[in-house]
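Source file: my_file11.cif (mmCIF, C-alpha atoms (C1' of nucleotides))
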data_target
loop_
_atom_site.label_atom_id
_atom_site.label_comp_id
_atom_site.auth_asym_id
_atom_site.auth_seq_id
_atom_site.Cartn_x
_atom_site.Cartn_y
_atom_site.Cartn_z
CA MET A 1 -11.96 2.73 -22.36
CA THR A 2 -10.15 -0.54 -21.93
CA LEU A 3 -10.02 -2.37 -18.67
CA LEU A 4 -6.72 -4.07 -17.85
CA LEU A 5 -7.27 -7.83 -17.87
CA THR A 6 -5.62 -10.86 -16.31
CA PRO A 7 -2.74 -11.22 -18.81
CA PHE A 8 -1.54 -7.74 -17.89
CA TYR A 9 -1.29 -8.72 -14.22
CA ALA A 10 0.01 -12.25 -14.80
CA ARG A 11 3.60 -11.07 -15.24
CA GLY A 12 6.54 -10.24 -13.00
CA ALA A 13 5.75 -7.69 -10.29
CA ARG A 14 8.55 -5.34 -11.31
CA GLN A 15 7.38 -5.28 -14.91
CA VAL A 16 3.76 -4.75 -13.89
CA ALA A 17 4.73 -1.97 -11.46
CA GLN A 18 6.48 -0.04 -14.24
CA ASP A 19 3.71 -0.68 -16.76
CA LEU A 20 1.10 0.56 -14.28
CA LEU A 21 2.67 4.04 -14.31
CA GLY A 22 0.26 6.21 -16.31
CA LYS A 23 -2.68 3.80 -16.00
CA ARG A 24 -5.91 4.98 -14.38
CA LEU A 25 -7.15 3.52 -11.10
CA VAL A 26 -10.93 3.89 -10.98
CA ARG A 27 -13.19 3.50 -7.95
CA LEU A 28 -16.95 3.50 -8.42
CA LEU A 29 -18.56 4.92 -5.26
CA ASP A 30 -22.31 5.49 -5.11
CA GLY A 31 -22.38 5.56 -8.89
CA ARG A 32 -19.65 8.17 -9.11
CA ARG A 33 -16.19 7.75 -10.57
CA LEU A 34 -13.20 8.57 -8.41
CA SER A 35 -9.98 8.16 -10.35
CA GLY A 36 -6.38 9.08 -10.84
CA ARG A 37 -3.38 8.15 -12.94
CA ILE A 38 -0.90 5.91 -11.16
CA VAL A 39 2.39 7.79 -10.74
CA GLU A 40 4.21 5.66 -8.15
CA ALA A 41 4.25 1.94 -7.37
CA GLU A 42 6.39 -0.65 -5.60
CA ALA A 43 6.98 -4.31 -6.48
CA TYR A 44 6.92 -6.96 -3.75
CA CYS A 45 8.21 -10.44 -4.51
CA ASP A 46 8.79 -10.89 -8.24
CA ALA A 47 8.14 -14.46 -9.43
CA ALA A 48 9.66 -17.07 -7.10
CA GLU A 49 12.49 -14.81 -5.91
CA PRO A 50 12.71 -14.34 -2.15
CA ASP A 51 11.82 -10.85 -0.88
CA LEU A 52 11.92 -10.47 2.88
CA ALA A 53 10.09 -7.14 2.62
CA CYS A 54 7.02 -8.91 1.24
CA HIS A 55 4.25 -9.91 3.65
CA GLY A 56 3.93 -13.20 1.81
CA ASP A 57 7.58 -14.04 2.44
CA ARG A 58 7.94 -12.57 5.92
CA ALA A 59 5.01 -14.13 7.74
CA ASN A 60 4.54 -17.80 8.53
CA ARG A 61 7.72 -18.93 6.75
CA GLY A 62 6.38 -17.92 3.38
CA ARG A 63 3.11 -19.79 3.74
CA PRO A 64 -0.31 -18.13 3.44
CA THR A 65 -2.00 -16.73 6.54
CA PRO A 66 -5.56 -15.42 6.81
CA ARG A 67 -4.26 -11.92 6.12
CA THR A 68 -2.02 -12.78 3.18
CA ALA A 69 -4.20 -15.44 1.55
CA VAL A 70 -5.19 -13.16 -1.34
CA MET A 71 -1.52 -12.57 -2.16
CA PHE A 72 -1.07 -16.25 -2.90
CA GLY A 73 -4.08 -16.33 -5.20
CA PRO A 74 -4.43 -15.54 -8.92
CA PRO A 75 -3.39 -12.21 -10.49
CA GLY A 76 -5.73 -9.29 -11.08
CA PHE A 77 -7.19 -9.18 -7.58
CA ALA A 78 -6.87 -6.53 -4.87
CA TYR A 79 -4.85 -7.14 -1.72
CA VAL A 80 -5.90 -4.54 0.85
CA TYR A 81 -4.37 -4.61 4.30
CA PHE A 82 -4.54 -2.54 7.47
CA THR A 83 -1.49 -1.13 9.21
CA TYR A 84 -0.34 1.29 11.93
CA GLY A 85 -3.73 0.88 13.56
CA MET A 86 -5.38 3.28 11.13
CA HIS A 87 -4.25 3.01 7.52
CA TRP A 88 -5.27 0.90 4.51
CA MET A 89 -2.91 -0.06 1.68
CA PHE A 90 -4.00 -1.05 -1.81
CA ASN A 91 -2.04 -3.63 -3.82
CA VAL A 92 -2.69 -5.53 -7.02
CA ILE A 93 -1.79 -9.21 -7.21
CA THR A 94 0.57 -10.13 -10.03
CA GLY A 95 2.37 -13.23 -11.32
CA PRO A 96 1.16 -16.81 -11.30
CA ASP A 97 -1.42 -18.26 -8.94
CA GLY A 98 0.34 -19.66 -5.89
CA GLN A 99 3.10 -17.03 -5.62
CA ALA A 100 2.77 -14.09 -3.22
CA ASN A 101 3.59 -11.42 -5.82
CA ALA A 102 2.08 -7.93 -5.58
CA VAL A 103 2.44 -4.27 -6.48
CA LEU A 104 1.69 -1.55 -3.91
CA ILE A 105 0.09 1.54 -5.43
CA ARG A 106 1.73 4.48 -3.65
CA ALA A 107 0.44 7.59 -5.41
CA LEU A 108 -2.06 8.88 -7.96
CA GLU A 109 -2.47 12.04 -9.97
CA PRO A 110 -6.15 12.90 -9.25
CA GLU A 111 -8.46 13.04 -12.27
CA GLU A 112 -12.15 12.42 -11.58
CA GLY A 113 -14.25 13.03 -8.49
CA ILE A 114 -11.78 15.45 -6.97
CA GLU A 115 -14.40 17.24 -4.85
CA LEU A 116 -15.62 13.97 -3.38
CA MET A 117 -12.07 12.86 -2.69
CA GLN A 118 -11.35 16.17 -0.99
CA ALA A 119 -14.44 15.72 1.17
CA ARG A 120 -13.09 12.33 2.22
CA ARG A 121 -9.70 13.89 2.96
CA SER A 122 -10.66 16.85 5.15
CA LYS A 123 -10.59 19.25 2.17
CA ARG A 124 -6.88 18.85 1.71
CA PRO A 125 -5.38 20.59 -1.33
CA LEU A 126 -5.07 18.69 -4.60
CA SER A 127 -1.37 18.17 -4.03
CA GLN A 128 -2.02 16.20 -0.82
CA LEU A 129 -5.06 14.20 -1.90
CA THR A 130 -3.51 10.98 -3.16
CA ASN A 131 0.29 11.33 -2.79
CA GLY A 132 0.78 8.38 -0.45
CA PRO A 133 -0.59 4.85 -0.13
CA ALA A 134 -2.82 5.51 2.88
CA ARG A 135 -3.91 8.87 1.50
CA LEU A 136 -5.10 7.46 -1.80
CA ALA A 137 -6.90 4.65 0.02
CA GLN A 138 -8.76 7.19 2.11
CA ALA A 139 -9.55 9.36 -0.92
CA LEU A 140 -10.91 6.40 -2.91
CA ALA A 141 -12.75 4.78 0.01
CA ILE A 142 -10.59 1.66 -0.08
CA ASP A 143 -10.76 -0.54 3.00
CA ARG A 144 -11.13 -4.18 4.01
CA ALA A 145 -14.35 -4.51 2.02
CA LEU A 146 -12.23 -4.40 -1.15
CA ASN A 147 -9.72 -7.03 -0.09
CA GLY A 148 -9.98 -9.78 -2.68
CA ALA A 149 -11.95 -7.67 -5.16
CA HIS A 150 -11.52 -8.74 -8.77
CA LEU A 151 -10.01 -5.86 -10.76
CA CYS A 152 -10.94 -7.44 -14.10
CA ASP A 153 -14.70 -7.37 -13.52
CA PRO A 154 -16.36 -4.64 -15.62
CA HIS A 155 -19.32 -4.66 -13.21
CA GLY A 156 -17.13 -4.30 -10.13
CA VAL A 157 -16.48 -1.23 -7.99
CA ILE A 158 -12.75 -0.92 -8.59
CA TRP A 159 -10.56 -1.54 -11.63
CA ILE A 160 -7.65 -0.14 -13.64
CA GLU A 161 -8.10 1.33 -17.11
CA ASP A 162 -5.62 1.44 -19.91
CA ALA A 163 -4.12 4.87 -20.55
CA PRO A 164 -0.93 6.14 -22.17
CA PRO A 165 2.06 4.63 -20.35
CA ALA A 166 4.82 6.70 -18.85
CA PRO A 167 7.66 7.09 -21.37
CA PRO A 168 10.40 4.59 -20.45
CA ASP A 169 12.96 7.34 -20.02
CA ALA A 170 10.64 9.08 -17.53
CA ILE A 171 10.50 6.09 -15.19
CA CYS A 172 12.71 6.47 -12.12
CA SER A 173 13.49 3.74 -9.60
CA GLY A 174 14.87 3.57 -6.08
CA PRO A 175 14.58 1.71 -2.78
CA ARG A 176 11.13 1.02 -1.42
CA ILE A 177 9.74 3.23 1.35
CA GLY A 178 9.25 2.34 4.98
CA LEU A 179 10.99 -1.01 5.12
CA GLY A 180 12.62 -0.20 8.45
CA LYS A 181 13.68 -3.56 9.83
CA THR A 182 13.80 -5.45 6.52
CA PRO A 183 17.24 -7.09 6.10
CA GLU A 184 19.57 -6.40 3.23
CA PRO A 185 19.71 -6.81 0.34
CA TRP A 186 15.94 -6.41 0.05
CA ARG A 187 15.86 -3.18 2.04
CA SER A 188 17.87 -1.45 -0.69
CA MET A 189 16.61 -3.12 -3.84
CA PRO A 190 15.36 -0.42 -6.26
CA TRP A 191 11.88 -1.81 -6.69
CA ARG A 192 10.00 1.47 -6.21
CA TYR A 193 9.09 3.16 -9.48
CA TRP A 194 7.75 6.63 -10.18
CA ILE A 195 7.25 9.14 -12.98
CA HIS A 196 10.09 11.63 -13.13
CA GLY A 197 9.10 15.09 -11.99
CA ASN A 198 5.48 14.25 -11.26
CA LYS A 199 4.34 16.42 -8.37
CA PHE A 200 1.95 13.78 -6.99
CA VAL A 201 4.70 11.29 -6.15
CA SER A 202 4.73 10.70 -2.39
CA ARG A 203 8.32 11.84 -1.87
"C1'" DA B 1 -3.26 -14.98 26.62
"C1'" DG B 2 0.10 -11.57 25.93
"C1'" DC B 3 3.14 -8.72 23.26
"C1'" DA B 4 5.90 -6.05 19.83
"C1'" DC B 5 5.44 -3.78 15.73
"C1'" DG B 6 4.09 -2.16 11.09
"C1'" DA B 7 4.80 -1.39 2.81
"C1'" DT B 8 1.94 5.70 7.40
"C1'" DT B 9 0.25 10.20 8.37
"C1'" DA B 10 -0.44 14.57 10.57
"C1'" DA B 11 0.80 17.59 13.85
"C1'" DC B 12 4.09 19.03 16.45
"C1'" DT B 13 9.10 21.70 17.73
"C1'" DG C 1 13.48 16.49 12.53
"C1'" DT C 2 10.47 14.13 16.09
"C1'" DT C 3 6.50 11.77 17.78
"C1'" DA C 4 1.74 10.21 18.91
"C1'" DA C 5 -2.13 7.85 17.13
"C1'" DT C 6 -4.11 3.07 17.08
"C1'" DC C 7 -5.20 -2.11 16.29
"C1'" DG C 8 -4.82 -6.45 13.50
"C1'" DT C 9 -1.54 -9.81 12.85
"C1'" DG C 10 1.67 -13.26 13.79
"C1'" DC C 11 4.89 -15.02 17.02
"C1'" DT C 12 6.19 -16.59 21.74
"C1'" DC C 13 5.06 -18.35 26.12
#
Can you dump the structure from the file as C-alpha coordinates?
Amino acid sequence: MTLLLTPFYARGARQVAQDLLGKRLVRLLDGRRLSGRIVEAEAYCDAAEPDLACHGDRANRGRPTPRTAVMFGPPGFAYVYFTYGMHWMFNVITGPDGQANAVLIRALEPEEGIELMQARRSKRPLSQLTNGPARLAQALAIDRALNGAHLCDPHGVIWIEDAPPAPPDAICSGPRIGLGKTPEPWRSMPWRYWIHGNKFVSR
DNA sequence: AGCACGATTAACT
DNA sequence: GTTAATCGTGCTC
(Lines of atoms letter the chains of each structure in order from A and count residues from 1; the text may use other names and numbers.)
(Lines give C-alpha, C1' and ligand atoms only; values in the text may rest on other atoms or scores of the structure.)
Protein backbone atom coordinates (compact mmCIF):
# COMPACT_ATOMS: atom_id res chain seq x y z
CA MET A 1 0.00 0.00 0.00
CA THR A 2 1.98 2.95 -1.25
CA LEU A 3 0.93 6.49 -0.65
CA LEU A 4 1.53 8.91 -3.53
CA LEU A 5 4.18 11.41 -2.46
CA THR A 6 5.18 14.93 -3.43
CA PRO A 7 7.21 14.04 -6.56
CA PHE A 8 4.11 12.49 -8.09
CA TYR A 9 2.18 15.73 -7.67
CA ALA A 10 5.06 18.06 -8.53
CA ARG A 11 4.54 17.66 -12.28
CA GLY A 12 2.35 19.20 -14.96
CA ALA A 13 -1.37 19.12 -14.16
CA ARG A 14 -2.30 17.33 -17.37
CA GLN A 15 0.24 14.60 -16.75
CA VAL A 16 -0.85 14.20 -13.14
CA ALA A 17 -4.54 14.11 -14.13
CA GLN A 18 -3.92 11.21 -16.51
CA ASP A 19 -1.66 9.38 -14.07
CA LEU A 20 -4.29 9.68 -11.34
CA LEU A 21 -6.71 7.54 -13.36
CA GLY A 22 -6.79 4.17 -11.60
CA LYS A 23 -5.32 5.48 -8.33
CA ARG A 24 -7.29 5.12 -5.10
CA LEU A 25 -8.61 8.14 -3.21
CA VAL A 26 -8.94 7.21 0.46
CA ARG A 27 -10.82 9.10 3.16
CA LEU A 28 -10.47 8.03 6.77
CA LEU A 29 -13.71 8.88 8.60
CA ASP A 30 -14.21 7.83 12.21
CA GLY A 31 -11.56 5.17 11.73
CA ARG A 32 -13.24 3.74 8.67
CA ARG A 33 -11.92 3.74 5.13
CA LEU A 34 -14.05 5.24 2.39
CA SER A 35 -12.38 4.85 -0.98
CA GLY A 36 -12.69 4.58 -4.71
CA ARG A 37 -10.54 4.40 -7.82
CA ILE A 38 -10.26 7.68 -9.68
CA VAL A 39 -11.88 7.32 -13.10
CA GLU A 40 -12.25 10.95 -14.22
CA ALA A 41 -10.19 14.09 -13.62
CA GLU A 42 -9.64 17.55 -15.10
CA ALA A 43 -6.46 19.62 -15.29
CA TYR A 44 -6.55 23.33 -14.47
CA CYS A 45 -3.57 25.51 -15.35
CA ASP A 46 -0.60 23.38 -16.39
CA ALA A 47 2.75 24.93 -15.42
CA ALA A 48 2.91 28.66 -16.21
CA GLU A 49 0.48 28.46 -19.13
CA PRO A 50 -2.54 30.75 -18.87
CA ASP A 51 -5.89 29.01 -18.31
CA LEU A 52 -8.84 31.34 -17.92
CA ALA A 53 -10.98 28.47 -16.64
CA CYS A 54 -8.74 28.14 -13.58
CA HIS A 55 -9.76 29.94 -10.38
CA GLY A 56 -6.13 30.91 -9.87
CA ASP A 57 -6.00 32.67 -13.23
CA ARG A 58 -9.52 34.09 -13.30
CA ALA A 59 -9.71 35.85 -9.94
CA ASN A 60 -7.71 38.86 -8.85
CA ARG A 61 -5.65 39.07 -12.07
CA GLY A 62 -3.95 35.79 -11.38
CA ARG A 63 -2.89 36.68 -7.86
CA PRO A 64 -3.83 34.63 -4.79
CA THR A 65 -7.02 35.44 -2.88
CA PRO A 66 -8.12 33.99 0.46
CA ARG A 67 -10.08 31.33 -1.40
CA THR A 68 -7.39 30.37 -3.90
CA ALA A 69 -4.35 30.67 -1.62
CA VAL A 70 -3.88 26.89 -1.39
CA MET A 71 -3.73 26.65 -5.18
CA PHE A 72 -0.62 28.81 -5.21
CA GLY A 73 1.09 26.68 -2.58
CA PRO A 74 3.19 23.51 -2.88
CA PRO A 75 1.97 20.32 -4.60
CA GLY A 76 0.36 17.40 -2.79
CA PHE A 77 -2.22 19.43 -0.88
CA ALA A 78 -6.01 19.50 -1.18
CA TYR A 79 -7.84 22.49 -2.63
CA VAL A 80 -11.49 22.23 -1.59
CA TYR A 81 -13.90 24.95 -2.59
CA PHE A 82 -17.61 25.64 -2.26
CA THR A 83 -19.85 26.46 -5.20
CA TYR A 84 -23.49 26.86 -6.28
CA GLY A 85 -24.35 27.59 -2.67
CA MET A 86 -24.30 23.91 -1.74
CA HIS A 87 -21.54 21.85 -3.32
CA TRP A 88 -17.91 21.06 -2.45
CA MET A 89 -15.23 20.26 -5.03
CA PHE A 90 -12.04 18.34 -4.33
CA ASN A 91 -8.80 19.16 -6.17
CA VAL A 92 -5.18 18.16 -5.73
CA ILE A 93 -2.48 20.78 -6.11
CA THR A 94 0.17 19.97 -8.70
CA GLY A 95 3.26 21.61 -10.20
CA PRO A 96 5.76 23.88 -8.52
CA ASP A 97 5.10 26.01 -5.45
CA GLY A 98 3.90 29.43 -6.53
CA GLN A 99 1.85 28.33 -9.57
CA ALA A 100 -1.92 27.85 -9.32
CA ASN A 101 -1.93 24.37 -10.87
CA ALA A 102 -4.55 21.79 -9.85
CA VAL A 103 -6.47 18.68 -10.84
CA LEU A 104 -10.21 18.40 -10.13
CA ILE A 105 -11.29 14.86 -9.21
CA ARG A 106 -14.62 14.36 -10.98
CA ALA A 107 -15.54 10.72 -10.41
CA LEU A 108 -14.62 7.57 -8.50
CA GLU A 109 -15.39 3.90 -8.84
CA PRO A 110 -16.49 3.05 -5.25
CA GLU A 111 -14.44 0.42 -3.44
CA GLU A 112 -14.48 0.58 0.36
CA GLY A 113 -17.11 1.85 2.78
CA ILE A 114 -19.90 1.70 0.23
CA GLU A 115 -22.65 1.38 2.85
CA LEU A 116 -21.41 4.42 4.72
CA MET A 117 -21.13 6.39 1.49
CA GLN A 118 -24.67 5.39 0.57
CA ALA A 119 -25.89 6.56 3.97
CA ARG A 120 -24.26 9.92 3.27
CA ARG A 121 -25.89 10.02 -0.17
CA SER A 122 -29.52 9.26 0.67
CA LYS A 123 -29.08 5.56 -0.16
CA ARG A 124 -28.49 6.26 -3.80
CA PRO A 125 -27.54 3.26 -5.95
CA LEU A 126 -23.88 2.41 -6.46
CA SER A 127 -23.93 3.91 -9.93
CA GLN A 128 -24.84 7.35 -8.56
CA LEU A 129 -22.66 7.41 -5.45
CA THR A 130 -19.51 9.10 -6.69
CA ASN A 131 -20.03 9.87 -10.41
CA GLY A 132 -19.63 13.63 -10.15
CA PRO A 133 -17.38 16.05 -8.26
CA ALA A 134 -19.99 17.21 -5.73
CA ARG A 135 -21.36 13.69 -5.34
CA LEU A 136 -18.01 12.18 -4.44
CA ALA A 137 -17.34 15.03 -2.03
CA GLN A 138 -20.60 14.31 -0.27
CA ALA A 139 -19.95 10.56 -0.23
CA LEU A 140 -16.45 10.99 1.24
CA ALA A 141 -17.40 13.76 3.69
CA ILE A 142 -15.15 16.30 2.00
CA ASP A 143 -15.81 19.93 2.92
CA ARG A 144 -13.97 23.09 3.93
CA ALA A 145 -12.31 21.31 6.85
CA LEU A 146 -10.14 19.49 4.31
CA ASN A 147 -9.05 22.56 2.37
CA GLY A 148 -5.28 22.65 2.64
CA ALA A 149 -4.99 19.08 3.92
CA HIS A 150 -1.66 17.43 3.13
CA LEU A 151 -2.26 14.36 0.96
CA CYS A 152 1.23 12.98 1.61
CA ASP A 153 0.78 12.59 5.37
CA PRO A 154 0.37 8.89 6.32
CA HIS A 155 -1.33 9.97 9.56
CA GLY A 156 -3.78 12.27 7.80
CA VAL A 157 -7.46 11.73 7.04
CA ILE A 158 -7.26 11.84 3.25
CA TRP A 159 -4.67 10.63 0.77
CA ILE A 160 -4.23 8.86 -2.57
CA GLU A 161 -2.78 5.35 -2.83
CA ASP A 162 -0.87 3.86 -5.67
CA ALA A 163 -2.82 1.31 -7.72
CA PRO A 164 -2.56 -0.04 -11.26
CA PRO A 165 -2.81 2.87 -13.71
CA ALA A 166 -5.34 3.00 -16.49
CA PRO A 167 -3.82 1.57 -19.69
CA PRO A 168 -2.74 4.49 -21.89
CA ASP A 169 -4.98 3.38 -24.73
CA ALA A 170 -7.97 3.41 -22.34
CA ILE A 171 -7.55 7.08 -21.45
CA CYS A 172 -10.01 9.36 -23.22
CA SER A 173 -9.90 13.15 -23.25
CA GLY A 174 -12.29 15.97 -24.07
CA PRO A 175 -13.34 19.47 -23.06
CA ARG A 176 -13.82 20.19 -19.38
CA ILE A 177 -17.34 20.27 -17.94
CA GLY A 178 -19.30 23.29 -16.81
CA LEU A 179 -17.06 26.07 -18.02
CA GLY A 180 -20.00 28.12 -19.27
CA LYS A 181 -18.64 31.63 -19.63
CA THR A 182 -14.96 30.71 -19.95
CA PRO A 183 -13.52 32.25 -23.15
CA GLU A 184 -11.96 30.27 -25.94
CA PRO A 185 -9.62 28.60 -26.44
CA TRP A 186 -9.68 27.37 -22.84
CA ARG A 187 -13.35 26.46 -22.93
CA SER A 188 -12.63 23.78 -25.54
CA MET A 189 -9.21 22.53 -24.52
CA PRO A 190 -9.38 18.73 -24.02
CA TRP A 191 -8.08 18.71 -20.48
CA ARG A 192 -10.71 16.37 -19.03
CA TYR A 193 -9.56 12.75 -18.83
CA TRP A 194 -11.49 9.58 -18.11
CA ILE A 195 -11.25 5.81 -18.38
CA HIS A 196 -12.90 4.54 -21.53
CA GLY A 197 -16.13 2.69 -20.89
CA ASN A 198 -16.05 3.06 -17.12
CA LYS A 199 -19.63 3.30 -15.89
CA PHE A 200 -18.75 5.61 -12.99
CA VAL A 201 -17.62 8.48 -15.21
CA SER A 202 -19.89 11.48 -14.62
CA ARG A 203 -21.07 11.75 -18.22
C1' DA B 1 -22.56 47.74 0.98
C1' DG B 2 -24.47 45.55 -2.90
C1' DC B 3 -24.57 42.34 -6.66
C1' DA B 4 -24.01 38.68 -10.22
C1' DC B 5 -22.67 34.18 -10.68
C1' DG B 6 -20.49 29.59 -10.25
C1' DA B 7 -15.12 23.51 -12.24
C1' DT B 8 -23.36 21.13 -9.79
C1' DT B 9 -27.20 18.31 -8.62
C1' DA B 10 -31.83 16.62 -8.25
C1' DA B 11 -36.29 17.01 -9.41
C1' DC B 12 -39.16 18.45 -12.48
C1' DT B 13 -41.96 18.46 -17.57
C1' DG C 1 -34.62 19.42 -21.87
C1' DT C 2 -35.49 22.91 -18.09
C1' DT C 3 -35.04 24.92 -13.62
C1' DA C 4 -34.73 25.84 -8.57
C1' DA C 5 -31.79 25.48 -4.71
C1' DT C 6 -28.40 28.40 -2.10
C1' DC C 7 -24.21 31.26 -0.42
C1' DG C 8 -19.17 32.46 -0.57
C1' DT C 9 -16.37 35.02 -3.41
C1' DG C 10 -14.63 38.72 -5.93
C1' DC C 11 -15.71 42.81 -8.38
C1' DT C 12 -17.99 47.41 -8.75
C1' DC C 13 -19.87 51.42 -6.77
Inset, instruction - Can you work out the spacing between atom CA of A:Pro64 and atom CA of A:Gln99 in Å, to one decimal? - result: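 Taking atom CA of A:Pro64 as the start and atom CA of A:Gln99 as the end point, the length is 9.7 Å.
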Inset, instruction - For stretch 9-13 of chain C, please output as a PyMOL selection string all residues within 8 Å (counting all atoms listed in the file; exclusion window: fewer than 4 positions along the same chain). - result: chain A and resi 59-60+67
Legend entry - Distance criterion (all atoms listed in the file): nearest to chain C out of A:Arg61, A:Arg187, A:Trp88, A:Thr83: A:Thr83
Inset, instruction - Could you expand the PyMOL selection byres ((chain A and resi 18) around 8) into the explicit residues it covers here, written as a ChimeraX atom specification? - result: /A:14-17,19-21,41,171,193-194
Inset, instruction - Taking all atoms listed in the file into account, report as a PyMOL selection string which residues of chain A lie within 12 Å of chain B. - result: chain A and resi 41-44+52-56+80-91+102-106+121-122+124+128+131-138+175-182+187+191-192+202
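Separating atom CA of A:Phe72 from atom CA of A:Ala166 is a distance of 28.6 Å.
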Legend entry - Separation of atom CA of A:Pro96 from atom CA of A:Pro7 in Å: 10.1 Å
Inset, instruction - Kindly indicate which residue among A:Gly148, A:Pro125, A:Pro190, A:Gly76 lies nearest to A:Ser173, using only C-alpha atoms for the distances. - result: A:Pro190
Non-local contacts of A:Tyr9 (6 Å; all atoms listed in the file; under 3 positions in same chain excluded) as a PDB file with C-alpha atoms, keeping the file's coordinate frame:
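Produced file result-v1.pdb, reproduced below:
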ATOM      1  CA  THR A   6      -5.620 -10.860 -16.310  1.00  0.00           C
ATOM      2  CA  PRO A  75      -3.390 -12.210 -10.490  1.00  0.00           C
ATOM      3  CA  GLY A  76      -5.730  -9.290 -11.080  1.00  0.00           C
ATOM      4  CA  THR A  94       0.570 -10.130 -10.030  1.00  0.00           C
TER       5      THR A  94
END
Legend entry - Using all atoms listed in the file: which of A:Val70, A:Leu126, A:Thr65, A:Ala100 has the shortest distance to chain C: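 Using all atoms listed in the file, chain C sits closest to A:Thr65.
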